[in-house]
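data-v8.cif, holding mmCIF, C-alpha atoms:
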```cif
data_data
loop_
_atom_site.label_atom_id
_atom_site.label_comp_id
_atom_site.auth_asym_id
_atom_site.auth_seq_id
_atom_site.Cartn_x
_atom_site.Cartn_y
_atom_site.Cartn_z
CA MET A 1342 0.00 0.00 0.00
CA LYS A 1343 1.22 3.50 -0.82
CA ILE A 1344 0.44 6.40 1.50
CA ARG A 1345 0.75 9.96 0.21
CA GLU A 1346 -0.07 13.17 2.06
CA GLU A 1347 -1.22 16.55 0.77
CA LYS A 1348 -1.72 19.62 2.92
CA LEU A 1349 -4.62 21.88 2.04
CA ASN A 1350 -5.02 24.91 4.33
CA ASP A 1351 -5.51 23.44 7.81
CA ALA A 1352 -6.43 19.95 6.61
CA VAL A 1353 -4.36 16.96 5.54
CA ILE A 1354 -5.47 14.64 2.76
CA CYS A 1355 -4.09 11.14 3.15
CA ILE A 1356 -4.24 9.37 -0.22
CA LEU A 1357 -4.11 5.59 0.01
CA GLU A 1358 -3.31 3.26 -2.85
CA GLY A 1359 -3.49 -0.55 -2.88
CA GLU A 1360 -4.78 -2.98 -0.27
CA ILE A 1361 -5.16 -2.42 3.46
CA ASN A 1362 -4.47 -5.76 5.09
CA ILE A 1363 -2.97 -7.40 8.17
CA ASN A 1364 0.58 -6.85 6.83
CA ASN A 1365 0.41 -3.16 6.03
CA SER A 1366 -2.10 -1.84 8.59
CA PRO A 1367 0.88 -1.08 10.91
CA ASP A 1368 2.30 1.22 8.17
CA LEU A 1369 -0.99 3.12 8.09
CA ARG A 1370 -0.94 3.38 11.89
CA LYS A 1371 2.61 4.77 11.67
CA ALA A 1372 1.51 7.40 9.14
CA PHE A 1373 -1.37 8.37 11.45
CA ASP A 1374 1.07 8.54 14.40
CA GLY A 1375 3.07 11.12 12.42
CA LEU A 1376 -0.01 13.26 11.83
CA ILE A 1377 -0.94 13.19 15.53
CA LYS A 1378 2.62 14.14 16.49
CA ARG A 1379 2.44 17.11 14.10
CA ASN A 1380 -0.83 18.08 15.78
CA GLU A 1381 -2.82 17.78 12.54
CA LYS A 1382 -6.48 17.76 13.52
CA LYS A 1383 -8.39 17.67 10.25
CA LEU A 1384 -7.83 14.57 8.18
CA VAL A 1385 -9.44 13.37 4.96
CA VAL A 1386 -8.57 9.82 3.92
CA ASP A 1387 -8.94 9.44 0.16
CA PHE A 1388 -9.77 5.80 -0.67
CA SER A 1389 -9.84 6.16 -4.46
CA GLY A 1390 -6.88 3.80 -4.89
CA VAL A 1391 -8.00 1.28 -2.26
CA SER A 1392 -9.24 -2.03 -3.64
CA TYR A 1393 -9.42 -4.08 -0.43
CA ILE A 1394 -9.71 -3.62 3.33
CA ASP A 1395 -9.87 -6.21 6.12
CA SER A 1396 -10.80 -6.00 9.81
CA SER A 1397 -7.25 -4.97 10.78
CA GLY A 1398 -7.59 -1.98 8.43
CA LEU A 1399 -10.97 -1.10 9.92
CA ALA A 1400 -9.45 -1.29 13.43
CA THR A 1401 -6.64 1.09 12.41
CA LEU A 1402 -9.20 3.62 11.13
CA ILE A 1403 -11.34 3.33 14.28
CA GLU A 1404 -8.22 3.91 16.39
CA MET A 1405 -7.39 7.08 14.43
CA PHE A 1406 -10.99 8.27 14.69
CA GLN A 1407 -10.77 7.96 18.48
CA ARG A 1408 -7.36 9.64 18.71
CA LEU A 1409 -8.51 12.60 16.64
CA LYS A 1410 -11.74 12.89 18.62
CA LYS A 1411 -9.74 13.02 21.86
CA ILE A 1412 -7.77 16.06 20.67
CA GLY A 1413 -10.78 17.81 19.16
CA GLY A 1414 -9.99 16.77 15.60
CA ALA A 1415 -12.08 15.17 12.88
CA LEU A 1416 -11.74 12.39 10.34
CA ARG A 1417 -13.49 12.24 6.96
CA PHE A 1418 -13.37 9.61 4.21
CA SER A 1419 -13.80 10.10 0.47
CA ASN A 1420 -13.78 8.36 -2.92
CA MET A 1421 -14.56 4.83 -1.77
CA GLU A 1422 -15.30 2.23 -4.41
CA GLN A 1423 -18.51 0.32 -3.79
CA LYS A 1424 -17.01 -3.04 -2.76
CA VAL A 1425 -14.91 -1.28 -0.08
CA LYS A 1426 -17.84 0.90 1.00
CA ASN A 1427 -19.89 -2.27 1.36
CA ILE A 1428 -17.55 -3.47 4.12
CA PHE A 1429 -18.24 -0.24 6.06
CA GLU A 1430 -21.96 -0.69 5.49
CA VAL A 1431 -22.03 -4.37 6.50
CA THR A 1432 -20.17 -3.58 9.75
CA LYS A 1433 -22.31 -0.43 10.27
CA LEU A 1434 -19.13 1.63 10.47
CA HIS A 1435 -20.66 4.01 7.93
CA LYS A 1436 -22.67 5.25 10.93
CA LEU A 1437 -19.49 6.01 12.85
CA PHE A 1438 -17.46 7.56 10.03
CA GLU A 1439 -18.36 10.43 7.72
CA ILE A 1440 -18.03 9.10 4.16
CA PHE A 1441 -18.21 11.49 1.19
CA ASP A 1442 -18.27 10.97 -2.55
CA ASN A 1443 -15.23 13.19 -3.14
CA ARG A 1444 -12.50 15.13 -1.36
CA GLU A 1445 -14.12 18.53 -1.93
CA ALA A 1446 -17.30 17.47 -0.13
CA ALA A 1447 -15.26 15.96 2.71
CA LEU A 1448 -13.17 19.13 3.13
CA LYS A 1449 -16.24 21.34 3.01
CA ASP A 1450 -17.73 19.41 5.94
CA PHE A 1451 -15.00 20.43 8.44
CA MET B 756 -10.65 -31.12 -4.22
CA ILE B 757 -9.80 -27.67 -5.60
CA PHE B 758 -7.31 -26.67 -2.92
CA ILE B 759 -5.59 -28.25 0.04
CA ASP B 760 -2.66 -26.70 1.83
CA LYS B 761 -1.38 -25.66 5.23
CA LEU B 762 -0.01 -22.38 6.52
CA ALA B 763 2.46 -21.87 9.38
CA SER B 764 0.90 -19.82 12.17
CA SER B 765 2.42 -16.48 11.29
CA LEU B 766 0.25 -13.55 10.17
CA GLU B 767 2.80 -12.27 7.60
CA GLY B 768 2.09 -15.21 5.31
CA VAL B 769 -1.68 -14.71 5.20
CA PRO B 770 -2.11 -12.31 2.21
CA VAL B 771 0.22 -14.36 -0.05
CA PHE B 772 -1.50 -17.61 0.95
CA VAL B 773 -4.92 -16.10 0.24
CA SER B 774 -3.76 -14.81 -3.18
CA ALA B 775 -2.60 -18.33 -4.09
CA PHE B 776 -5.99 -19.67 -3.00
CA ILE B 777 -7.85 -17.11 -5.13
CA LYS B 778 -5.81 -18.16 -8.20
CA LYS B 779 -6.96 -21.75 -7.64
CA ILE B 780 -10.66 -20.83 -7.62
CA GLU B 781 -10.42 -18.67 -10.75
CA CYS B 782 -11.82 -21.61 -12.72
CA LEU B 783 -15.16 -21.35 -10.88
CA PRO B 784 -18.04 -19.23 -12.18
CA LEU B 785 -17.82 -16.41 -9.65
CA GLU B 786 -18.56 -12.68 -9.92
CA GLU B 787 -15.80 -10.20 -8.95
CA GLU B 788 -17.74 -9.21 -5.81
CA GLU B 789 -18.09 -12.88 -4.78
CA VAL B 790 -14.32 -13.38 -5.16
CA PHE B 791 -13.74 -10.26 -3.04
CA ASN B 792 -16.05 -11.64 -0.34
CA ILE B 793 -14.43 -15.10 -0.39
CA ARG B 794 -10.99 -13.53 -0.18
CA LEU B 795 -11.90 -11.37 2.80
CA SER B 796 -13.66 -14.26 4.57
CA LEU B 797 -10.71 -16.60 4.11
CA GLU B 798 -8.29 -13.95 5.34
CA GLU B 799 -10.40 -13.28 8.45
CA ALA B 800 -10.74 -17.03 9.14
CA LEU B 801 -6.97 -17.52 8.83
CA ILE B 802 -6.20 -14.58 11.11
CA ASN B 803 -8.57 -15.98 13.76
CA ALA B 804 -7.12 -19.48 13.43
CA ILE B 805 -3.53 -18.22 13.70
CA LYS B 806 -4.09 -15.65 16.46
CA HIS B 807 -6.77 -17.21 18.65
CA GLY B 808 -6.52 -20.90 17.70
CA ASN B 809 -2.81 -21.55 17.27
CA LYS B 810 -1.77 -18.58 19.46
CA LEU B 811 0.75 -17.37 16.85
CA ASN B 812 2.91 -20.48 17.36
CA PRO B 813 4.90 -20.68 14.07
CA ASP B 814 5.68 -24.36 14.69
CA ILE B 815 2.10 -25.44 14.15
CA PHE B 816 -0.10 -25.09 11.09
CA VAL B 817 -3.54 -24.06 9.95
CA GLN B 818 -5.10 -26.46 7.44
CA VAL B 819 -7.15 -25.09 4.54
CA SER B 820 -9.21 -27.08 2.06
CA ALA B 821 -11.70 -26.15 -0.63
CA GLN B 822 -13.93 -28.30 -2.74
CA LYS B 823 -16.90 -28.01 -5.00
CA GLU B 824 -19.92 -29.76 -3.53
CA GLY B 825 -22.90 -29.71 -5.87
CA GLY B 826 -23.52 -26.06 -6.67
CA SER B 827 -21.37 -24.69 -3.86
CA LEU B 828 -17.79 -23.90 -3.00
CA VAL B 829 -17.00 -25.26 0.48
CA ILE B 830 -13.95 -23.92 2.30
CA LYS B 831 -12.71 -25.33 5.61
CA VAL B 832 -10.09 -23.71 7.87
CA THR B 833 -8.85 -25.79 10.82
CA ASP B 834 -6.56 -24.80 13.68
CA LEU B 835 -5.03 -26.83 16.50
CA GLY B 836 -6.36 -24.72 19.36
CA ARG B 837 -8.86 -25.45 22.13
CA GLY B 838 -11.87 -24.28 20.17
CA PHE B 839 -14.17 -21.49 21.32
CA ASP B 840 -17.78 -20.72 22.20
CA PHE B 841 -19.07 -19.86 18.75
CA ASN B 842 -22.61 -19.43 20.08
CA ASN B 843 -21.52 -16.49 22.18
CA ILE B 844 -20.04 -13.96 19.77
CA ALA B 845 -20.71 -10.28 20.45
CA ASP B 846 -22.45 -8.29 17.70
CA PRO B 847 -19.91 -5.65 16.57
CA THR B 848 -22.67 -3.53 15.00
CA ARG B 849 -24.34 -2.79 18.34
CA PRO B 850 -23.77 0.87 19.29
CA GLU B 851 -21.71 -0.06 22.38
CA ASN B 852 -19.38 -2.24 20.24
CA LEU B 853 -19.01 0.02 17.21
CA THR B 854 -15.76 1.64 18.36
CA LYS B 855 -14.17 -1.61 19.57
CA LEU B 856 -11.03 -2.45 17.64
CA ASN B 857 -11.59 -6.22 17.52
CA GLY B 858 -14.43 -8.68 17.03
CA ARG B 859 -15.42 -8.12 13.39
CA GLY B 860 -13.80 -11.15 11.73
CA ILE B 861 -16.48 -13.81 12.24
CA PHE B 862 -19.25 -11.25 11.78
CA LEU B 863 -17.81 -10.32 8.36
CA ILE B 864 -17.48 -13.98 7.36
CA LYS B 865 -21.13 -14.63 8.29
CA LYS B 866 -22.26 -11.63 6.27
CA LEU B 867 -20.11 -12.24 3.21
CA MET B 868 -20.50 -16.02 2.82
CA ASP B 869 -23.80 -17.83 2.15
CA LYS B 870 -23.49 -20.36 4.98
CA VAL B 871 -21.10 -20.71 7.93
CA GLU B 872 -20.75 -23.62 10.35
CA PHE B 873 -18.36 -24.35 13.19
CA LEU B 874 -17.17 -27.93 13.63
CA ASP B 875 -15.05 -29.74 16.21
CA CYS B 876 -15.80 -27.26 19.04
CA GLY B 877 -14.93 -24.31 16.79
CA ARG B 878 -11.53 -25.56 15.65
CA THR B 879 -12.86 -25.77 12.11
CA ILE B 880 -14.86 -23.12 10.33
CA LYS B 881 -16.78 -24.28 7.27
CA MET B 882 -17.67 -21.48 4.86
CA VAL B 883 -19.98 -22.01 1.89
CA LYS B 884 -20.47 -19.83 -1.19
CA PHE B 885 -23.28 -20.80 -3.55
CA LEU B 886 -22.21 -20.80 -7.19
CA LYS B 887 -25.15 -18.69 -8.38
CA LYS B 888 -23.82 -18.14 -11.90
CA GLU B 889 -23.54 -21.90 -12.38
CA ALA B 890 -27.09 -22.43 -11.10
CA GLU B 891 -28.37 -19.70 -13.44
CA SER B 892 -26.70 -21.29 -16.49
CA GLU B 893 -28.10 -24.69 -15.48
CA ASN B 894 -31.62 -23.22 -15.23
CA GLN B 895 -31.16 -21.55 -18.62
CA ARG B 896 -29.98 -24.84 -20.14
CA ARG B 897 -33.03 -26.68 -18.78
CA LYS B 898 -35.39 -24.08 -20.21
CA THR B 899 -33.94 -24.38 -23.73
#
```
Represent the structure contained in this file as structure tokens.
Amino acid sequence: MKIREEKLNDAVICILEGEININNSPDLRKAFDGLIKRNEKKLVVDFSGVSYIDSSGLATLIEMFQRLKKIGGALRFSNMEQKVKNIFEVTKLHKLFEIFDNREAALKDF
Amino acid sequence: MIFIDKLASSLEGVPVFVSAFIKKIECLPLEEEEVFNIRLSLEEALINAIKHGNKLNPDIFVQVSAQKEGGSLVIKVTDLGRGFDFNNIADPTRPENLTKLNGRGIFLIKKLMDKVEFLDCGRTIKMVKFLKKEAESENQRRKT
């Protein structure tokens, strides 16, 4: 999985590419650690390049959601393909996370 | 038998093992979404077997088999652990469980596969996916 970051005003867009699985979820957690250390509070995760996510990936996202919430930050998701979105819907995590069709809509929601 | 193999109880090997499995079932009439669901279910079953069954002991293995039974693909994953109480699994979609980091594996498998059974006190999980495309073509053939 590739993780790329873009800064836009006071928000960070984290662009993910590839699969989020048991082997690379720790890399995603590390990237999130870096954002917390830099005191970034507004994060959009762009899923446009994500083709697969398992329960370890979901756990990493929930963890980040909680960490951001604790420091008064917010997490938004965008550009999910349907089969990935389905995993959030099946697990009802779409009720916990804010999922938007595109980055612009996600950024506008902060 | 379409597939029979074993995996050492180390999580690093799971994605590669699952990819090899998916290659073996490419010959079956499955939609892309069904393959995605089988892949995720197998991965979750292996992670549970390695972590909770075999307690991450790399010296012991998880056994995986798959076969076509009638109009279904039947996958079995077996560990060497003590089993577990599969009748008492918390629902991760309940509001109080939604932010918990663990406990979604079996729930996902049950949602993404057509039938799930636990055998041998929970040491084996049997996951079934109906081959709908094959059934549809059979129905079509009968009609004509």
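CA of Gly808 (chain B) is positioned 18.2 Å from CA of Val773 (chain B).
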Please, which residues in chain A fall within 6 Å of chain B when counting only C-alpha atoms, and what is the closest atom pair and distance in Å to one decimal for each, ordered by chain then residue number, as CSV?
```
residue,atom,partner,partner_atom,distance
A:Asn1364,CA,B:Glu767,CA,5.9
A:Ala1400,CA,B:Leu856,CA,4.6
A:Thr1432,CA,B:Thr848,CA,5.8
A:Lys1433,CA,B:Thr848,CA,5.7
```
Please produce a file of those selected residues containing C-alpha atoms, as a PDB file, keeping the file's coordinate frame.
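again-v2.pdb, freshly written:
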```
ATOM      1  CA  ASN A1364       0.580  -6.850   6.830  1.00  0.00           C
ATOM      2  CA  ALA A1400      -9.450  -1.290  13.430  1.00  0.00           C
ATOM      3  CA  THR A1432     -20.170  -3.580   9.750  1.00  0.00           C
ATOM      4  CA  LYS A1433     -22.310  -0.430  10.270  1.00  0.00           C
TER       5      LYS A1433
END
```
From the list A:Glu1381, A:Asp1374, A:Asp1368, A:Asp1387, which residue is nearest Ala1352 (chain A) when using only C-alpha atoms? A:Glu1381
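When the PyMOL selection byres ((chain A and resi 1415) around 9) is evaluated against the file, it yields Lys1382, Lys1383, Leu1384, Val1385, Phe1406, Leu1409, Lys1410, Ile1412, Gly1413, Gly1414, Leu1416, Arg1417 and Phe1451 of chain A.
Polymer residues near (-2.9, -4.6, 10.4): counting only C-alpha atoms with a cut-off of 9 Å, they are Ile1361, Asn1362, Ile1363, Asn1364, Asn1365, Ser1366, Pro1367, Asp1368, Leu1369, Arg1370, Asp1395, Ser1396, Ser1397, Gly1398, Leu1399, Ala1400 and Thr1401 of chain A.
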Applying 12 Å and only C-alpha atoms, which residues near Arg1379 (chain A) remain after dropping the ones on its own chain fewer than 6 positions away? List them as a ChimeraX atom specification. /A:1351-1353,1372-1373
Would you mind exporting C-alpha atoms of the selected residues as a PDB file, in the coordinates of the input?
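This is the output file again20.pdb:
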```pdb
ATOM      1  CA  ASP A1351      -5.510  23.440   7.810  1.00  0.00           C
ATOM      2  CA  ALA A1352      -6.430  19.950   6.610  1.00  0.00           C
ATOM      3  CA  VAL A1353      -4.360  16.960   5.540  1.00  0.00           C
ATOM      4  CA  ALA A1372       1.510   7.400   9.140  1.00  0.00           C
ATOM      5  CA  PHE A1373      -1.370   8.370  11.450  1.00  0.00           C
TER       6      PHE A1373
END
```
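Using only C-alpha atoms, the nearest neighbour of Glu1422 (chain A) within the list A:Arg1408, A:Glu1445, A:Phe1388, A:Lys1348 is A:Phe1388.
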Selection in question (the file shown): the PyMOL selection byres ((chain B and resi 810-817) around 9). Which residues does it include, as a count of residues only? 21
Please report, as JSON, the centre and edge lengths in Å to one decimal of an axis-aligned box covering all listed atoms of region 894-899 of chain B with 6 Å per side.
```
{"center_x": -32.7, "center_y": -24.1, "center_z": -19.5, "size_x": 17.4, "size_y": 17.1, "size_z": 20.5}
```
What's the separation between CA of Gly826 (chain B) and CA of Lys888 (chain B), in Å to one decimal place? 9.5 Å
Take the PyMOL selection byres ((chain A and resi 1419) around 9), run it mentally on this structure, and tell me the resulting residues as a JSON list (two decimals) with C-alpha atoms, in the coordinates of the input.
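Full text of result30.json as output:
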```
[["chain", "number", "residue", "atom", "x", "y", "z"],
["A", 1385, "VAL", "CA", -9.44, 13.37, 4.96],
["A", 1386, "VAL", "CA", -8.57, 9.82, 3.92],
["A", 1387, "ASP", "CA", -8.94, 9.44, 0.16],
["A", 1388, "PHE", "CA", -9.77, 5.80, -0.67],
["A", 1389, "SER", "CA", -9.84, 6.16, -4.46],
["A", 1417, "ARG", "CA", -13.49, 12.24, 6.96],
["A", 1418, "PHE", "CA", -13.37, 9.61, 4.21],
["A", 1420, "ASN", "CA", -13.78, 8.36, -2.92],
["A", 1421, "MET", "CA", -14.56, 4.83, -1.77],
["A", 1439, "GLU", "CA", -18.36, 10.43, 7.72],
["A", 1440, "ILE", "CA", -18.03, 9.10, 4.16],
["A", 1441, "PHE", "CA", -18.21, 11.49, 1.19],
["A", 1442, "ASP", "CA", -18.27, 10.97, -2.55],
["A", 1443, "ASN", "CA", -15.23, 13.19, -3.14],
["A", 1444, "ARG", "CA", -12.50, 15.13, -1.36],
["A", 1445, "GLU", "CA", -14.12, 18.53, -1.93],
["A", 1446, "ALA", "CA", -17.30, 17.47, -0.13],
["A", 1447, "ALA", "CA", -15.26, 15.96, 2.71]]
```
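Between CA of Glu789 (chain B) and CA of Asn843 (chain B) the separation is 27.4 Å.
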Identify, on the basis of only C-alpha atoms, every residue whose closest approach to Lys779 (chain B) does not exceed 9 Å; exclude the query and any residue fewer than 5 positions from it along the same chain; express the result as a count of residues only. 3
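Taking only C-alpha atoms into account, Ile1403 (chain A) lies nearest to A:Leu1437 out of the set A:Ile1428, A:Val1391, A:Met1342, A:Leu1437.
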In the coordinate frame of the file, compute which residues have an atom within 12 Å of (-10.0, -26.1, -5.2) when using only C-alpha atoms, and state them as a PyMOL selection string. chain B and resi 756-760+775-783+819-824+827-831
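Remark: for Leu1349 (chain A), the closest of the candidate residues A:Lys1378, A:Val1425, A:Leu1448, A:Lys1411 is A:Leu1448 (distances computed over all atoms listed in the file).
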Show me, as a PyMOL selection string, the residues that have an atom within 12 Å of Glu891 (chain B) when counting all atoms listed in the file, minus same-chain residues fewer than 5 positions from it. chain B and resi 784-785+826+885-886+896-898
